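Please read the structure below before turning to the comments.
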Amino acid sequence: MGRAIVATAALSALLAVCGCTVQGTDADGKHHLPVRIELPGAKASPSATASSPGTPSAKPAANVLWSRGDSGSGVRELQARLRQADWLFDGPTGTYDDLTEQAVAGFQGKRGLPRTGETDKVTWQRLVKMTHEPGKWDLYLMGGQPAGAPDPRCLTGRVLCIDKTTRTLRWMIDGRTVSTMSVRFGAQYTPTRDGVFHVYWKARNWVSTLYNSPMPYAMFFSGGQAVHYSYDFSARGYAGGSHGCVNVRDEAAIASLFAQVRTGDKVVVYW
């Protein structure tokens with residue numbers, strides 16, 4: 001009897017130290033599962049963490065590179081490559097939206113991969129092998145690129161500060177940027193003029209008398225060249241060009257700009 005008491009006490013002490021669970025015999029004499037000991041720091045066995053029957057196993061998070069709701073340069077490159085493979089026709093926007101999810105799912109299904117709509121490592125590697133590395137204007141085909149530092153001539157007064165290098169327009173007042181938008185310029189044989197100009201005329205609903213094309217929210221600064229909204233730029237991005245005007249693709253942005261700009265405000269166009 002004495003030895004049994006000592007053994008029981010030793011086992012209880014061991015269980016207390018190790019954080020064990022004990023299932024023994026009830027008062028009615030029925031037995032439960034035997035003693036199970038879990039040492040501190042030990043990993044649970046696969047059977048202990050397995051999901052219940054019928055529940056799909058979760059995909060390791062590290063295997064998914066991007067999914068719906070994500071944004072950034074990686075998503076922008078994904079979208080540019082999906083455009084190359086003819087699975088996406090909008091953007092790139094840099095945001096993993098429903099169209100991107102559908103494009104990824106279609107790409108996966110065509111190649112016998114699980115149609116998750118999430119870009120995992122296998123999907124990404126397959127897409128990279130089929131496409132080439134996107135250039136800057138593939139990544140920003142539909143605008144959204146960051147603006148560069150403003151030209152020093154833009155830092156005083158009310159200025160439409162237009163940078164050909166970054167293809168952006170800053171609306172600035174006394175050195176402060178009020179708004180920024182993506183713009184497009186003239187094609188090779190109809191270039192947009194560089195220099196310092198002033199807005200000399202505004203027309204809310206203008207149609208070009210030379211090309212018979214609409215030029216909404218036109219703000220003329222050099223002969224027939226104006227800053228205006230372009231339906232073509234909105235639809236095709238940098239795949240096209242203007243006849244010398246500065247095109248804006250964001251109609252809401254240029255409508256707001258048109259309301260703020262006055263005749264006589266400065267226009268600086270530079271590289």
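Every chain in the structure tokens takes a letter, A first, then B, and so on in the order presented; its residues are numbered from 1, and the ligands are numbered from 1 following the presented order.
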Tell me which protein, DNA and RNA residues are within 8 Å of Phe233 of chain A, counting only C-alpha atoms, leaving out same-chain ones fewer than 6 positions away, and put them as a PDB file with N, CA, C and O atoms, in the first residue's frame.
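That gives us part20.pdb:
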ATOM      1  N   ARG A 184      -1.414  62.321 -71.261  1.00  0.00           N
ATOM      2  CA  ARG A 184      -0.840  61.763 -72.483  1.00  0.00           C
ATOM      3  C   ARG A 184      -0.544  62.918 -73.441  1.00  0.00           C
ATOM      4  O   ARG A 184      -1.254  63.931 -73.432  1.00  0.00           O
ATOM      5  N   GLY A 240      -2.229  54.860 -77.332  1.00  0.00           N
ATOM      6  CA  GLY A 240      -2.476  55.861 -78.364  1.00  0.00           C
ATOM      7  C   GLY A 240      -1.760  57.159 -78.056  1.00  0.00           C
ATOM      8  O   GLY A 240      -0.896  57.221 -77.182  1.00  0.00           O
ATOM      9  N   GLY A 241      -2.083  58.218 -78.786  1.00  0.00           N
ATOM     10  CA  GLY A 241      -1.477  59.523 -78.579  1.00  0.00           C
ATOM     11  C   GLY A 241      -2.400  60.608 -79.102  1.00  0.00           C
ATOM     12  O   GLY A 241      -3.389  60.317 -79.785  1.00  0.00           O
ATOM     13  N   ASN A 247      -3.726  65.200 -72.994  1.00  0.00           N
ATOM     14  CA  ASN A 247      -4.940  64.434 -72.693  1.00  0.00           C
ATOM     15  C   ASN A 247      -4.991  64.017 -71.223  1.00  0.00           C
ATOM     16  O   ASN A 247      -3.972  63.624 -70.652  1.00  0.00           O
ATOM     17  N   VAL A 248      -6.174  64.050 -70.665  1.00  0.00           N
ATOM     18  CA  VAL A 248      -6.438  63.550 -69.310  1.00  0.00           C
ATOM     19  C   VAL A 248      -7.474  62.445 -69.438  1.00  0.00           C
ATOM     20  O   VAL A 248      -8.444  62.580 -70.184  1.00  0.00           O
ATOM     21  N   ARG A 249      -7.295  61.326 -68.700  1.00  0.00           N
ATOM     22  CA  ARG A 249      -8.227  60.205 -68.815  1.00  0.00           C
ATOM     23  C   ARG A 249      -9.236  60.143 -67.675  1.00  0.00           C
ATOM     24  O   ARG A 249     -10.209  59.405 -67.733  1.00  0.00           O
TER      25      ARG A 249
END
Write out as CSV a residue-level contact list of segment 101-126 of chain A versus segment 87-94 of chain A with cut-off 10 Å: for each qualifying residue the closest pair of atoms and the distance in Å to one decimal, counting only C-alpha atoms, rows sorted by chain and residue number upward.
residue,atom,partner,partner_atom,distance
A:Glu101,CA,A:Leu88,CA,9.8
A:Gln102,CA,A:Leu88,CA,8.7
A:Ala103,CA,A:Trp87,CA,5.2
A:Val104,CA,A:Trp87,CA,7.6
A:Ala105,CA,A:Trp87,CA,9.6
A:Gly106,CA,A:Trp87,CA,7.3
A:Phe107,CA,A:Trp87,CA,6.8
Could you pull out all residues of segment 91-198 of chain A with a DSSP call of alpha helix (DSSP H) and give them as a ChimeraX atom specification? /A:98-110,121-130,136-139
Go ahead and write the selection's residues with N, CA and C atoms as a compact mmCIF listing (two decimals), in the first residue's frame.
# COMPACT_ATOMS: atom_id res chain seq x y z
N ASP A 98 -11.94 42.15 -58.58
CA ASP A 98 -12.68 40.99 -59.05
C ASP A 98 -12.26 40.58 -60.46
N LEU A 99 -11.92 41.56 -61.31
CA LEU A 99 -11.49 41.22 -62.67
C LEU A 99 -10.16 40.47 -62.65
N THR A 100 -9.27 40.87 -61.76
CA THR A 100 -7.98 40.18 -61.63
C THR A 100 -8.19 38.76 -61.12
N GLU A 101 -9.08 38.62 -60.15
CA GLU A 101 -9.38 37.31 -59.59
C GLU A 101 -9.94 36.38 -60.67
N GLN A 102 -10.85 36.90 -61.49
CA GLN A 102 -11.43 36.10 -62.56
C GLN A 102 -10.38 35.72 -63.61
N ALA A 103 -9.47 36.66 -63.91
CA ALA A 103 -8.42 36.39 -64.89
C ALA A 103 -7.47 35.31 -64.39
N VAL A 104 -7.11 35.38 -63.12
CA VAL A 104 -6.21 34.36 -62.54
C VAL A 104 -6.90 33.00 -62.54
N ALA A 105 -8.17 32.96 -62.16
CA ALA A 105 -8.91 31.69 -62.14
C ALA A 105 -8.98 31.09 -63.54
N GLY A 106 -9.21 31.93 -64.54
CA GLY A 106 -9.26 31.44 -65.92
C GLY A 106 -7.91 30.90 -66.36
N PHE A 107 -6.85 31.62 -66.04
CA PHE A 107 -5.49 31.18 -66.38
C PHE A 107 -5.19 29.84 -65.70
N GLN A 108 -5.58 29.70 -64.44
CA GLN A 108 -5.33 28.46 -63.70
C GLN A 108 -6.09 27.30 -64.32
N GLY A 109 -7.37 27.51 -64.60
CA GLY A 109 -8.19 26.43 -65.15
C GLY A 109 -7.69 25.95 -66.49
N LYS A 110 -7.21 26.85 -67.32
CA LYS A 110 -6.71 26.50 -68.64
C LYS A 110 -5.48 25.60 -68.56
N LYS A 121 2.41 30.43 -55.70
CA LYS A 121 3.74 30.37 -56.31
C LYS A 121 3.73 29.60 -57.64
N VAL A 122 2.97 28.51 -57.70
CA VAL A 122 2.93 27.71 -58.92
C VAL A 122 2.30 28.51 -60.07
N THR A 123 1.20 29.19 -59.78
CA THR A 123 0.53 30.00 -60.80
C THR A 123 1.46 31.11 -61.29
N TRP A 124 2.12 31.77 -60.36
CA TRP A 124 3.01 32.87 -60.72
C TRP A 124 4.18 32.39 -61.58
N GLN A 125 4.79 31.28 -61.21
CA GLN A 125 5.92 30.75 -61.97
C GLN A 125 5.50 30.37 -63.38
N ARG A 126 4.30 29.80 -63.52
CA ARG A 126 3.80 29.43 -64.84
C ARG A 126 3.57 30.68 -65.70
N LEU A 127 3.01 31.72 -65.09
CA LEU A 127 2.74 32.96 -65.82
C LEU A 127 4.04 33.66 -66.23
N VAL A 128 5.03 33.67 -65.34
CA VAL A 128 6.31 34.31 -65.64
C VAL A 128 7.00 33.64 -66.83
N LYS A 129 6.92 32.31 -66.91
CA LYS A 129 7.54 31.59 -68.01
C LYS A 129 6.90 31.92 -69.35
N MET A 130 5.63 32.29 -69.33
CA MET A 130 4.90 32.55 -70.57
C MET A 130 4.99 34.00 -71.03
N LYS A 136 8.12 49.98 -67.92
CA LYS A 136 7.44 50.98 -67.08
C LYS A 136 6.05 51.31 -67.59
N TRP A 137 5.94 51.53 -68.92
CA TRP A 137 4.64 51.96 -69.44
C TRP A 137 3.72 50.78 -69.73
N ASP A 138 4.21 49.55 -69.56
CA ASP A 138 3.30 48.40 -69.50
C ASP A 138 2.65 48.37 -68.12
N LEU A 139 3.43 48.69 -67.10
CA LEU A 139 2.93 48.68 -65.73
C LEU A 139 1.94 49.82 -65.49
Point-to-point distance from atom CA of Val227 of chain A to atom CA of Gly175 of chain A, Å rounded to tenths: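 About the pair atom CA of Val227 of chain A and atom CA of Gly175 of chain A: they are 20.4 Å apart.
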For segment 77-170 of chain A against segment 253-263 of chain A, with a cut-off of 12 Å and counting only C-alpha atoms, what is the closest atom pair and its distance in Å to one decimal for every residue that makes the cut, ordered by chain and number, as a Markdown table?
| residue | atom | partner | partner_atom | distance |
| --- | --- | --- | --- | --- |
| A:Gly157 | CA | A:Val261 | CA | 11.8 |
| A:Arg158 | CA | A:Val261 | CA | 8.2 |
| A:Val159 | CA | A:Val261 | CA | 8.7 |
| A:Leu160 | CA | A:Val261 | CA | 8.5 |
| A:Leu169 | CA | A:Ile254 | CA | 10.5 |
| A:Arg170 | CA | A:Leu257 | CA | 10.1 |
One decimal, in Å: what's the spacing between atom CA of Ser230 of chain A and atom CA of Gly74 of chain A?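 Atom-to-atom, atom CA of Ser230 of chain A to atom CA of Gly74 of chain A, that is 28.7 Å.
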Mind checking DSSP for segment 49-133 of chain A and telling me the strand (DSSP E) residues as a ChimeraX atom specification? /A:64-66,119-120
Hey, can you spit out that residue selection with C-alpha atoms as a PDB file, in the first residue's frame?
ATOM      1  CA  VAL A  64      -0.284  32.529 -51.722  1.00  0.00           C
ATOM      2  CA  LEU A  65       1.519  35.575 -53.065  1.00  0.00           C
ATOM      3  CA  TRP A  66      -1.482  37.825 -53.789  1.00  0.00           C
ATOM      4  CA  THR A 119      -1.993  33.841 -57.179  1.00  0.00           C
ATOM      5  CA  ASP A 120       0.114  31.143 -55.548  1.00  0.00           C
TER       6      ASP A 120
END
Please provide the set of residues having any atom within 7 Å of segment 147-154 of chain A, restricted to only C-alpha atoms, with same-chain residues fewer than 6 positions apart removed, written as a VMD selection string. chain A and resid 161 166 168 175 268
Let me make sure I understand: among A:Pro114, A:Gly264, A:Pro216, A:Gly186, which one has the smallest atom-to-atom distance to Val199 of chain A if we use only C-alpha atoms?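 Result for the nearest residue to Val199 of chain A: A:Gly264.
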What is the distance between atom CA of Arg111 of chain A and atom CA of Gln79 of chain A, in Å to one decimal?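 Value for the atom CA of Arg111 of chain A-atom CA of Gln79 of chain A distance: 17.8 Å.
The shortest atom-to-atom distance to Gly244 of chain A, with only C-alpha atoms taken into account, belongs to A:Phe220 out of A:Trp171, A:Tyr231, A:Phe220, A:Trp206.
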